[in-house]
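Below: one structure, written as structure tokens.
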Amino acid sequence: MEYFTYTDCPYPIREDIKREHRQFWHRLANPGSWWTGAERVAIAQEVRNATRCNYCAERKTALSPFTFEGQHRHAGELSDVIVDAVHRIITDQTRITQSYVNKNAENGLSNEAYVELAGVATAVFSIDEFHHALGLEVEILPEPKLGQPSHYRPSQAVSGTGFIPMLPRDGATRLESDLWQSDRTANVLRAFSLVPDALRDWKQLSSAQYLSMEGMTNMVKQEDRAINRLQMELIAGRVSAINECFY
Amino acid sequence: MLRASSLTTNTDIDIRGINGDESAAGVGVTFGAELMRFAEGLATGVEADLVAARKQLIEAAGTAVLVDAAGVAANFQRMVRIADSMGIPVDDMGGEFGKQIREELDLERFTSAQNSIN
């Protein structure tokens, strides 16, 4: 089956957007570093459940998200800890804390698995939101492929920035030398670096929906875009402000 | 980055558009008010507002602008969740440029500011 044909879309979609959406769907279906293909697709399904979850909606209005009891709307394929992590990242991300991430690790959701989960969840959510923005139905989730996760963890990851270990600024070396140039990185780029393939997915999708790493240095206008950088950053800033993102 | 782009292009802007001031959004940014409303419609999740904003943006700027705006808005729906789920702090809290913008927009009111301030 070919995904993201956009044949039902009344607006012309750029070819690079179609390509990156298709390529992410292919990677989504395959085993990752810490999850099987079936688990990754199940995480994707939980992203969609989260957006219609009454418990998430009620918890978001509670003074503390950690004392509000209830049951998520879920597909039943993942543990409660995993379901809650996906739903929280999608619906109440500003109140995620270090202690929540630590407690998840004690309950079997390792830092590495949490990073990959967040990578899958945020990428699927972003692609779904692109469809939502254009008034389109979301794409059918892919059929999972067989195989086992690689359990690859870069040895140079260190704690000290954010909730989970990351590569240090000068840590894009050896197998990770493609992640960033040694003199050009930021914490948002380092955020997923404990699972390098999650960061690679991040960069690929961003290159089509927003800008590539190289494109980000152009503060005026990229030739193949219909909007200039001022317009892009107004949109980015407004979305970030509504989401109460300090970063 | 809005301020950085305005400095590069020598364009006068009003950064309060980021906080939802419609008249400010149009200062120096072509279709600024329509783009701001479209971003709001998506990020707030109010379907009627999104539908209206999409229509207004198409009428004002055309479908190519709509599609690229949808890409950027969708991308930042993701970026904010990456930043907060990983708890990353702002890279340069001490810099004057960033400090001025955080003050202008009163960003320290956000819960996630604690990842950078504490």
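The chains in the structure tokens are called A, B, ... from first to last as shown; in each chain the residues are counted from 1, and the ligands are counted from 1 in the order shown.
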Show me, as an MDAnalysis selection string, every residue of chain A with an atom at most 7 Å from chain B, counting only C-alpha atoms. chainID A and resid 11 13 89:90 93:96 122:123 125:127 129:130 133:134 161:164 186:188 191 206 209:210 219:220 225:227 229:247
Based on the selection just made, write N, CA and C atoms of those residues as a short mmCIF file (atom, residue, chain, number, x, y, z; two decimals), in the first residue's frame.
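File part_38.cif, as written:
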data_model
loop_
_atom_site.label_atom_id
_atom_site.label_comp_id
_atom_site.auth_asym_id
_atom_site.auth_seq_id
_atom_site.Cartn_x
_atom_site.Cartn_y
_atom_site.Cartn_z
N TYR A 11 -5.44 20.70 -1.92
CA TYR A 11 -4.30 21.61 -2.08
C TYR A 11 -3.08 20.80 -2.53
N ILE A 13 0.40 19.32 -2.38
CA ILE A 13 1.35 19.09 -1.29
C ILE A 13 2.74 18.93 -1.89
N ILE A 89 2.73 12.97 27.08
CA ILE A 89 3.54 13.75 26.13
C ILE A 89 2.63 14.49 25.13
N ILE A 90 1.54 13.88 24.75
CA ILE A 90 0.66 14.52 23.77
C ILE A 90 -0.26 15.56 24.40
N GLN A 93 2.24 17.92 28.34
CA GLN A 93 3.69 17.79 28.34
C GLN A 93 4.39 18.80 29.24
N THR A 94 3.76 19.93 29.51
CA THR A 94 4.48 20.95 30.29
C THR A 94 4.65 20.52 31.74
N ARG A 95 3.87 19.52 32.19
CA ARG A 95 3.96 19.13 33.60
C ARG A 95 4.73 17.81 33.80
N ILE A 96 5.43 17.38 32.77
CA ILE A 96 6.32 16.22 32.92
C ILE A 96 7.53 16.67 33.74
N THR A 122 5.81 11.95 19.08
CA THR A 122 5.79 13.33 18.60
C THR A 122 5.81 13.40 17.07
N ALA A 123 6.48 12.45 16.44
CA ALA A 123 6.49 12.45 14.97
C ALA A 123 5.10 12.11 14.42
N PHE A 125 2.27 12.46 15.97
CA PHE A 125 1.39 13.58 16.30
C PHE A 125 1.58 14.73 15.31
N SER A 126 2.82 15.01 14.95
CA SER A 126 3.10 16.11 14.04
C SER A 126 2.52 15.84 12.65
N ILE A 127 2.69 14.63 12.17
CA ILE A 127 2.12 14.29 10.85
C ILE A 127 0.60 14.36 10.90
N GLU A 129 -1.12 16.23 12.87
CA GLU A 129 -1.48 17.65 12.99
C GLU A 129 -1.36 18.37 11.64
N PHE A 130 -0.44 17.94 10.81
CA PHE A 130 -0.36 18.50 9.45
C PHE A 130 -1.68 18.22 8.72
N ALA A 133 -4.47 20.31 10.26
CA ALA A 133 -4.38 21.72 9.86
C ALA A 133 -5.01 21.94 8.48
N LEU A 134 -4.90 20.92 7.63
CA LEU A 134 -5.43 21.05 6.27
C LEU A 134 -6.82 20.48 6.13
N THR A 161 21.88 17.21 31.53
CA THR A 161 21.05 18.18 30.81
C THR A 161 19.67 17.55 30.63
N GLY A 162 18.65 18.17 31.17
CA GLY A 162 17.31 17.61 31.00
C GLY A 162 17.08 16.37 31.84
N PHE A 163 16.03 15.64 31.50
CA PHE A 163 15.58 14.51 32.32
C PHE A 163 16.32 13.22 32.02
N ILE A 164 16.95 13.13 30.87
CA ILE A 164 17.55 11.85 30.45
C ILE A 164 18.97 12.11 29.91
N ALA A 186 22.37 22.45 19.73
CA ALA A 186 21.54 23.11 20.73
C ALA A 186 20.87 22.00 21.52
N ASN A 187 20.38 22.33 22.70
CA ASN A 187 19.78 21.29 23.54
C ASN A 187 18.61 20.59 22.85
N VAL A 188 17.86 21.33 22.03
CA VAL A 188 16.73 20.68 21.36
C VAL A 188 17.22 19.63 20.37
N ALA A 191 18.34 16.58 22.49
CA ALA A 191 17.30 16.00 23.34
C ALA A 191 17.09 14.50 23.12
N SER A 206 11.59 17.30 10.10
CA SER A 206 11.70 18.76 10.18
C SER A 206 12.16 19.36 8.85
N GLN A 209 8.83 19.61 6.85
CA GLN A 209 7.73 20.39 7.43
C GLN A 209 8.18 21.81 7.82
N TYR A 210 9.45 21.94 8.15
CA TYR A 210 9.99 23.25 8.57
C TYR A 210 11.22 23.53 7.71
N MET A 219 18.03 33.06 7.27
CA MET A 219 17.05 33.84 8.04
C MET A 219 16.12 34.65 7.14
N VAL A 220 16.25 34.48 5.82
CA VAL A 220 15.45 35.29 4.91
C VAL A 220 14.32 34.46 4.30
N ARG A 225 10.12 27.42 -0.65
CA ARG A 225 9.02 27.61 0.31
C ARG A 225 8.15 28.79 -0.11
N ALA A 226 6.86 28.70 0.21
CA ALA A 226 5.93 29.78 -0.13
C ALA A 226 5.90 30.86 0.94
N ILE A 227 6.46 30.57 2.11
CA ILE A 227 6.51 31.57 3.18
C ILE A 227 7.95 31.85 3.57
N ARG A 229 11.03 33.44 6.26
CA ARG A 229 11.43 33.04 7.62
C ARG A 229 10.65 33.82 8.69
N LEU A 230 10.35 35.08 8.43
CA LEU A 230 9.55 35.85 9.39
C LEU A 230 8.19 35.19 9.59
N GLN A 231 7.58 34.79 8.49
CA GLN A 231 6.26 34.15 8.56
C GLN A 231 6.36 32.81 9.30
N MET A 232 7.40 32.05 8.98
CA MET A 232 7.60 30.76 9.66
C MET A 232 7.74 30.95 11.17
N GLU A 233 8.55 31.92 11.55
CA GLU A 233 8.84 32.09 12.98
C GLU A 233 7.67 32.69 13.76
N LEU A 234 6.83 33.45 13.08
CA LEU A 234 5.61 33.92 13.74
C LEU A 234 4.71 32.72 14.05
N ILE A 235 4.57 31.82 13.08
CA ILE A 235 3.76 30.61 13.30
C ILE A 235 4.38 29.77 14.43
N ALA A 236 5.69 29.54 14.33
CA ALA A 236 6.38 28.73 15.33
C ALA A 236 6.23 29.32 16.73
N GLY A 237 6.40 30.63 16.82
CA GLY A 237 6.31 31.29 18.12
C GLY A 237 4.91 31.24 18.70
N ARG A 238 3.91 31.42 17.85
CA ARG A 238 2.52 31.41 18.35
C ARG A 238 2.14 30.00 18.82
N VAL A 239 2.51 28.99 18.05
CA VAL A 239 2.23 27.60 18.46
C VAL A 239 2.93 27.30 19.79
N SER A 240 4.17 27.72 19.91
CA SER A 240 4.94 27.45 21.13
C SER A 240 4.34 28.18 22.33
N ALA A 241 3.89 29.42 22.12
CA ALA A 241 3.31 30.19 23.22
C ALA A 241 2.00 29.56 23.71
N ILE A 242 1.17 29.13 22.78
CA ILE A 242 -0.10 28.50 23.19
C ILE A 242 0.17 27.20 23.95
N ASN A 243 1.22 26.51 23.55
CA ASN A 243 1.61 25.28 24.26
C ASN A 243 2.40 25.56 25.54
N GLU A 244 2.59 26.84 25.84
CA GLU A 244 3.33 27.26 27.04
C GLU A 244 4.72 26.65 27.11
N CYS A 245 5.41 26.68 25.96
CA CYS A 245 6.75 26.12 25.90
C CYS A 245 7.77 27.22 26.18
N PHE A 246 8.48 27.11 27.29
CA PHE A 246 9.49 28.11 27.65
C PHE A 246 10.69 28.01 26.73
N TYR A 247 11.05 26.80 26.35
CA TYR A 247 12.24 26.61 25.52
C TYR A 247 12.10 27.35 24.20
#
Could you go through range 7-207 of chain A and tell me which residues DSSP, when run on the backbone, assigns to helix (DSSP H, G or I), listing them as an NGL selection string? :A and (15-29 or 37-50 or 54-60 or 80-91 or 93-95 or 98-106 or 111-134 or 174-176 or 187-190 or 196-207)
I'd like the neighbourhood of range 71-86 of chain A as a ChimeraX atom specification, where a residue qualifies if any of its atoms comes within 12 Å (using only C-alpha atoms), though same-chain residues fewer than 4 positions away should be ignored. /A:35,38-59,65-66,90-93,95-97,100-101,103-111,113-125 /B:81-82,85-86
Interatomic distance, CA of Ser159 in chain A to CA of Leu63 in chain A (Å, one decimal):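 Distance reported for this atom pair: 29.8 Å.
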